[in-house]
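In what follows, a structure is listed as C-alpha cells, so that the remarks can point back to it.
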Amino acid sequence: MAVSQSELTQAWRTVLDLSKVRPDETVCLLIRPNIQLRNLEAAEHALRDIGAFSFKLEPVMDKRPLRDNAVAMAALKSSQMVIDFMGLHILRGNEQDEVAKAGTRVLYTVEPPDALVRLIPTADDKRRVRNAEAVLRGARQMHIVSKAGTDLTVDLGEYPILSEWGYSDEPGHWDHWPAGFVATWPNERSARGKVVLSPGDIIFPFKAYVRETITLRIEAGYVRNIDGGFDAEVLREYMGEYRDPEAYAVSHLGWGLNPRARWSALATLDKAQTNGNDGRAFAGNFLFSTGPNTDAGGTRDTRCHFDIPMRHCSVSVDGKQMTVEGKVVAEGQTPL
Ligand SMILES: [Fe+2]
C-alpha cells in the first residue's frame, strides 16, 4: 500500500494532536542523514498547520553527537517536544534521560510512511497499555509458558516499567510511533527456565523469522545454552562474537497490545527501511529480549541486544493471565 503525502500529513496531524502539541509550543525535529524525508516533510507540514514553532537539529554524527554539545542539549531540553528521527535512545550516554527529566516529550519515529499510516495510534491503544502497566506495577513475578516448551519464570520489582502506546502526550514521556506494548526487566539473576523459539518467532536485529526450533536454557538471569540447528548456530555465533558475558543476560520482557500491528509485516516491508515495530507490537506476542538494562537505569551496557517477539505464548503476572497462547485476554482489555 503506497500512501499519499496528504494521508501521511494527516496521520502526523493526528499523532501531534494526540501528543497535545499546541500553537504556543516549540517542537524540535532531531534528524540525521538518510532519514525518511517524506516523514520529516509531513511532520513539518502538520506542525505548520497547528501553528507550533519548529526547528531542525542535525548534530554531526560522531561518537558523541550530543553528549558534550551543551548548546544542542539545551535546545532539546528547552523544547516542549522532540520528534526524534535520529535515535536519542541509541546513543550510549544519558542524553535521553536528561531530555526526559527536563519534561520534554519525545516521540521516536523511523518506520516508513506506509507503516506509520497503517499504525496511527489511538487513545484506546494508550488505555490498553496503561491497563497492562497497572497489572505490572507492584507485581512480583512473571511466568511464560508455551506448547512449544517455553517455561520461563522471572521475579519483578527492581526495575521500572516500559510502556509505549505510540504518541507522547505527557511531560517527560518517551514513546515510539508505531508501538503498543508493555515491558519490564527481571530482577537481577532471577530469570530461570527455558525459552523455546519456534518457526515464525522473530529475531531482531536480524529482522528474520525463526525457521527451526531454538532452545535457550536460562539460569540465574543468563542464557546458558543455545541448542538447535542452523538458526541456533547463527544466534550462538553472533552472540559469541561480542565476547561479552553480559550479552547473555535476559533483558526486558513484556507483551504486544497493538491489534493493528502485523506479525506478517516483516515478510513484505523493505528490511532496510523498517525497524520492525509491527513485530514488536502485534497483539498477544511475548517479547523476549537479551542484553542491556541501561534503559531501565541498570548498569549492563552490552552492545549485544536481541528483541525476540514470540507467538503462541501464555503470559501471566502474579498468577493473573495476560495472554493465552498468543491472545490478549487480560481484564480491562478488548479480547483480540
Ligand atoms: Fe529491546
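Chains: A, B, ... in order of the C-alpha cells. Residues: from 1 per chain. Ligands: from 1, in order shown.
Once range 139-148 of chain A and its same-chain neighbours fewer than 2 positions away are set aside, Val135, Leu136, Arg137, Thr150, Asp151, Leu152, Thr153, Val154, Asp155, Leu156, Gly157, Val196, His312, Cys313, Ser314, Val315, Ser316, Val317, Asp318 and Glu325 of chain A remain within 7 Å of it when counting only C-alpha atoms.
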At most 9 Å from ligand 1 (only C-alpha atoms and all ligand atoms): residue list as an NGL selection string: :A and (204 or 251-253 or 280 or 287-292 or 305-308)
Expected answer as a ChimeraX atom specification: strand (DSSP E) residues in range 102-252 of chain A: /A:105-108,141-146,151-155,161-164,174-176,181-184,192-197,202-203,208-209,214-219,222-228
Please build the interface table for range 77-117 of chain A against range 12-34 of chain A with a cut-off of 12 Å, listing for each qualifying residue the nearest atom pair and the distance in Å to one decimal; count only C-alpha atoms, order rows by chain and increasing number, and write it as a Markdown table.
```
| residue | atom | partner | partner_atom | distance |
| --- | --- | --- | --- | --- |
| A:Lys77 | CA | A:Cys28 | CA | 9.6 |
| A:Ser78 | CA | A:Thr26 | CA | 8.4 |
| A:Ser79 | CA | A:Thr26 | CA | 5.3 |
| A:Gln80 | CA | A:Thr26 | CA | 5.7 |
| A:Met81 | CA | A:Val27 | CA | 4.8 |
| A:Val82 | CA | A:Cys28 | CA | 4.7 |
| A:Ile83 | CA | A:Leu29 | CA | 4.9 |
| A:Asp84 | CA | A:Leu30 | CA | 4.9 |
| A:Phe85 | CA | A:Ile31 | CA | 5.1 |
| A:Met86 | CA | A:Ile31 | CA | 5.0 |
| A:Gly87 | CA | A:Leu30 | CA | 8.6 |
| A:Leu88 | CA | A:Leu30 | CA | 8.6 |
| A:Val99 | CA | A:Cys28 | CA | 11.7 |
| A:Thr104 | CA | A:Val27 | CA | 9.5 |
| A:Arg105 | CA | A:Ser19 | CA | 8.3 |
| A:Val106 | CA | A:Cys28 | CA | 9.4 |
| A:Leu107 | CA | A:Ser19 | CA | 8.8 |
| A:Tyr108 | CA | A:Leu30 | CA | 9.4 |
| A:Thr109 | CA | A:Leu30 | CA | 10.3 |
| A:Val110 | CA | A:Ile31 | CA | 10.5 |
| A:Pro113 | CA | A:Trp12 | CA | 10.1 |
| A:Leu116 | CA | A:Trp12 | CA | 8.6 |
| A:Val117 | CA | A:Trp12 | CA | 8.6 |
```
DSSP-assigned helix (DSSP H, G or I) among range 103-313 of chain A, expressed as a PyMOL selection string: chain A and resi 113-118+123-136+230-241+245-248+263-267+277-281+294-296
Prev. selection, C-alpha atoms, output as a PDB file, in the first residue's frame:
```
ATOM      1  CA  PRO A 113       5.259   6.126   5.667  1.00  0.00           C
ATOM      2  CA  ASP A 114       3.056   3.106   4.886  1.00  0.00           C
ATOM      3  CA  ALA A 115       3.664   1.595   8.325  1.00  0.00           C
ATOM      4  CA  LEU A 116       3.014   4.928  10.062  1.00  0.00           C
ATOM      5  CA  VAL A 117      -0.323   5.425   8.336  1.00  0.00           C
ATOM      6  CA  ARG A 118      -1.410   1.841   8.979  1.00  0.00           C
ATOM      7  CA  ALA A 123      -6.406   6.790  22.719  1.00  0.00           C
ATOM      8  CA  ASP A 124      -7.632   3.210  23.030  1.00  0.00           C
ATOM      9  CA  ASP A 125      -4.080   1.958  22.430  1.00  0.00           C
ATOM     10  CA  LYS A 126      -2.975   4.012  25.408  1.00  0.00           C
ATOM     11  CA  ARG A 127      -5.819   2.688  27.539  1.00  0.00           C
ATOM     12  CA  ARG A 128      -4.811  -0.916  26.843  1.00  0.00           C
ATOM     13  CA  VAL A 129      -1.143  -0.248  27.534  1.00  0.00           C
ATOM     14  CA  ARG A 130      -1.966   1.612  30.755  1.00  0.00           C
ATOM     15  CA  ASN A 131      -4.189  -1.248  31.917  1.00  0.00           C
ATOM     16  CA  ALA A 132      -1.390  -3.724  31.323  1.00  0.00           C
ATOM     17  CA  GLU A 133       1.049  -1.409  33.073  1.00  0.00           C
ATOM     18  CA  ALA A 134      -1.249  -1.305  36.096  1.00  0.00           C
ATOM     19  CA  VAL A 135      -1.014  -5.083  36.345  1.00  0.00           C
ATOM     20  CA  LEU A 136       2.783  -4.959  36.234  1.00  0.00           C
ATOM     21  CA  PHE A 230      21.245 -23.762  11.782  1.00  0.00           C
ATOM     22  CA  ASP A 231      19.229 -20.879  13.302  1.00  0.00           C
ATOM     23  CA  ALA A 232      20.644 -21.707  16.731  1.00  0.00           C
ATOM     24  CA  GLU A 233      24.140 -21.814  15.289  1.00  0.00           C
ATOM     25  CA  VAL A 234      23.793 -18.308  13.811  1.00  0.00           C
ATOM     26  CA  LEU A 235      22.453 -16.951  17.097  1.00  0.00           C
ATOM     27  CA  ARG A 236      25.215 -18.648  19.093  1.00  0.00           C
ATOM     28  CA  GLU A 237      27.931 -17.420  16.741  1.00  0.00           C
ATOM     29  CA  TYR A 238      26.595 -13.839  16.630  1.00  0.00           C
ATOM     30  CA  MET A 239      26.284 -13.542  20.403  1.00  0.00           C
ATOM     31  CA  GLY A 240      29.705 -15.081  20.890  1.00  0.00           C
ATOM     32  CA  GLU A 241      31.324 -12.519  18.619  1.00  0.00           C
ATOM     33  CA  PRO A 245      29.242 -12.355  29.165  1.00  0.00           C
ATOM     34  CA  GLU A 246      26.597  -9.655  29.685  1.00  0.00           C
ATOM     35  CA  ALA A 247      25.316 -10.253  26.152  1.00  0.00           C
ATOM     36  CA  TYR A 248      23.585 -13.349  27.542  1.00  0.00           C
ATOM     37  CA  TRP A 263       3.115 -10.346  12.633  1.00  0.00           C
ATOM     38  CA  SER A 264       3.491 -10.854   8.872  1.00  0.00           C
ATOM     39  CA  ALA A 265       4.700  -7.298   8.122  1.00  0.00           C
ATOM     40  CA  LEU A 266       8.342  -8.288   8.045  1.00  0.00           C
ATOM     41  CA  ALA A 267       7.640 -10.540   5.069  1.00  0.00           C
ATOM     42  CA  ASN A 277       7.918  -2.393  15.183  1.00  0.00           C
ATOM     43  CA  ASP A 278       4.983  -4.331  13.769  1.00  0.00           C
ATOM     44  CA  GLY A 279       6.790  -7.396  15.058  1.00  0.00           C
ATOM     45  CA  ARG A 280       7.438  -5.928  18.491  1.00  0.00           C
ATOM     46  CA  ALA A 281       3.893  -4.677  18.986  1.00  0.00           C
ATOM     47  CA  THR A 294      20.722   0.684  30.874  1.00  0.00           C
ATOM     48  CA  ASP A 295      17.321   1.877  29.559  1.00  0.00           C
ATOM     49  CA  ALA A 296      15.912   0.730  32.885  1.00  0.00           C
TER      50      ALA A 296
END
```
Shell around range 69-71 of chain A at 12 Å using only C-alpha atoms, local window under 6 positions removed, as an MDAnalysis selection string: chainID A and resid 57:63 77:78 95 98:99
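Excluding Leu197 in chain A and any residue on its chain fewer than 6 positions from it, the residues at most 8 Å away by only C-alpha atoms are Ala148, Thr150, Val210, Glu212, Thr213, Ile214, Thr215, Leu216 and Met310 of chain A.
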Interatomic distance, CA of Ala46 in chain A to CA of Pro171 in chain A (Å, one decimal): 20.7 Å
Interatomic distance (Å, one decimal) between CA of Phe55 in chain A and CA of Gly103 in chain A: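 It comes out at 18.3 Å.
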Selected residue, from A:Gly276, A:Gly298, A:Gly256, A:Gly180, that lies nearest to Ala208 in chain A when counting only C-alpha atoms: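 Of the candidates, the smallest distance to Ala208 in chain A is held by A:Gly276.
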Selected residue, from A:Asn285, A:Tyr209, A:Gly138, A:Ser168, that lies nearest to Val182 in chain A when counting only C-alpha atoms: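 The closest residue to Val182 in chain A is A:Asn285.
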Contacts of Gly221 in chain A at 6 Å (only C-alpha atoms; same-chain gap of 5+ positions) as a PDB file with N, CA and C atoms, in the first residue's frame:
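Done, and the output landed in around_18.pdb:
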```pdb
ATOM      1  N   ARG A 189      19.521 -11.683  38.051  1.00  0.00           N
ATOM      2  CA  ARG A 189      19.783 -13.120  38.239  1.00  0.00           C
ATOM      3  C   ARG A 189      18.531 -13.938  38.589  1.00  0.00           C
ATOM      4  N   SER A 190      17.358 -13.381  38.305  1.00  0.00           N
ATOM      5  CA  SER A 190      16.149 -14.121  38.692  1.00  0.00           C
ATOM      6  C   SER A 190      15.543 -14.945  37.552  1.00  0.00           C
ATOM      7  N   ALA A 191      15.887 -14.653  36.300  1.00  0.00           N
ATOM      8  CA  ALA A 191      15.263 -15.376  35.182  1.00  0.00           C
ATOM      9  C   ALA A 191      15.738 -16.824  35.178  1.00  0.00           C
ATOM     10  N   ALA A 249      22.566 -11.903  29.197  1.00  0.00           N
ATOM     11  CA  ALA A 249      21.587 -11.586  30.245  1.00  0.00           C
ATOM     12  C   ALA A 249      20.188 -11.492  29.646  1.00  0.00           C
ATOM     13  N   VAL A 250      19.197 -11.898  30.422  1.00  0.00           N
ATOM     14  CA  VAL A 250      17.807 -11.696  29.993  1.00  0.00           C
ATOM     15  C   VAL A 250      17.467 -10.230  30.237  1.00  0.00           C
TER      16      VAL A 250
END
```
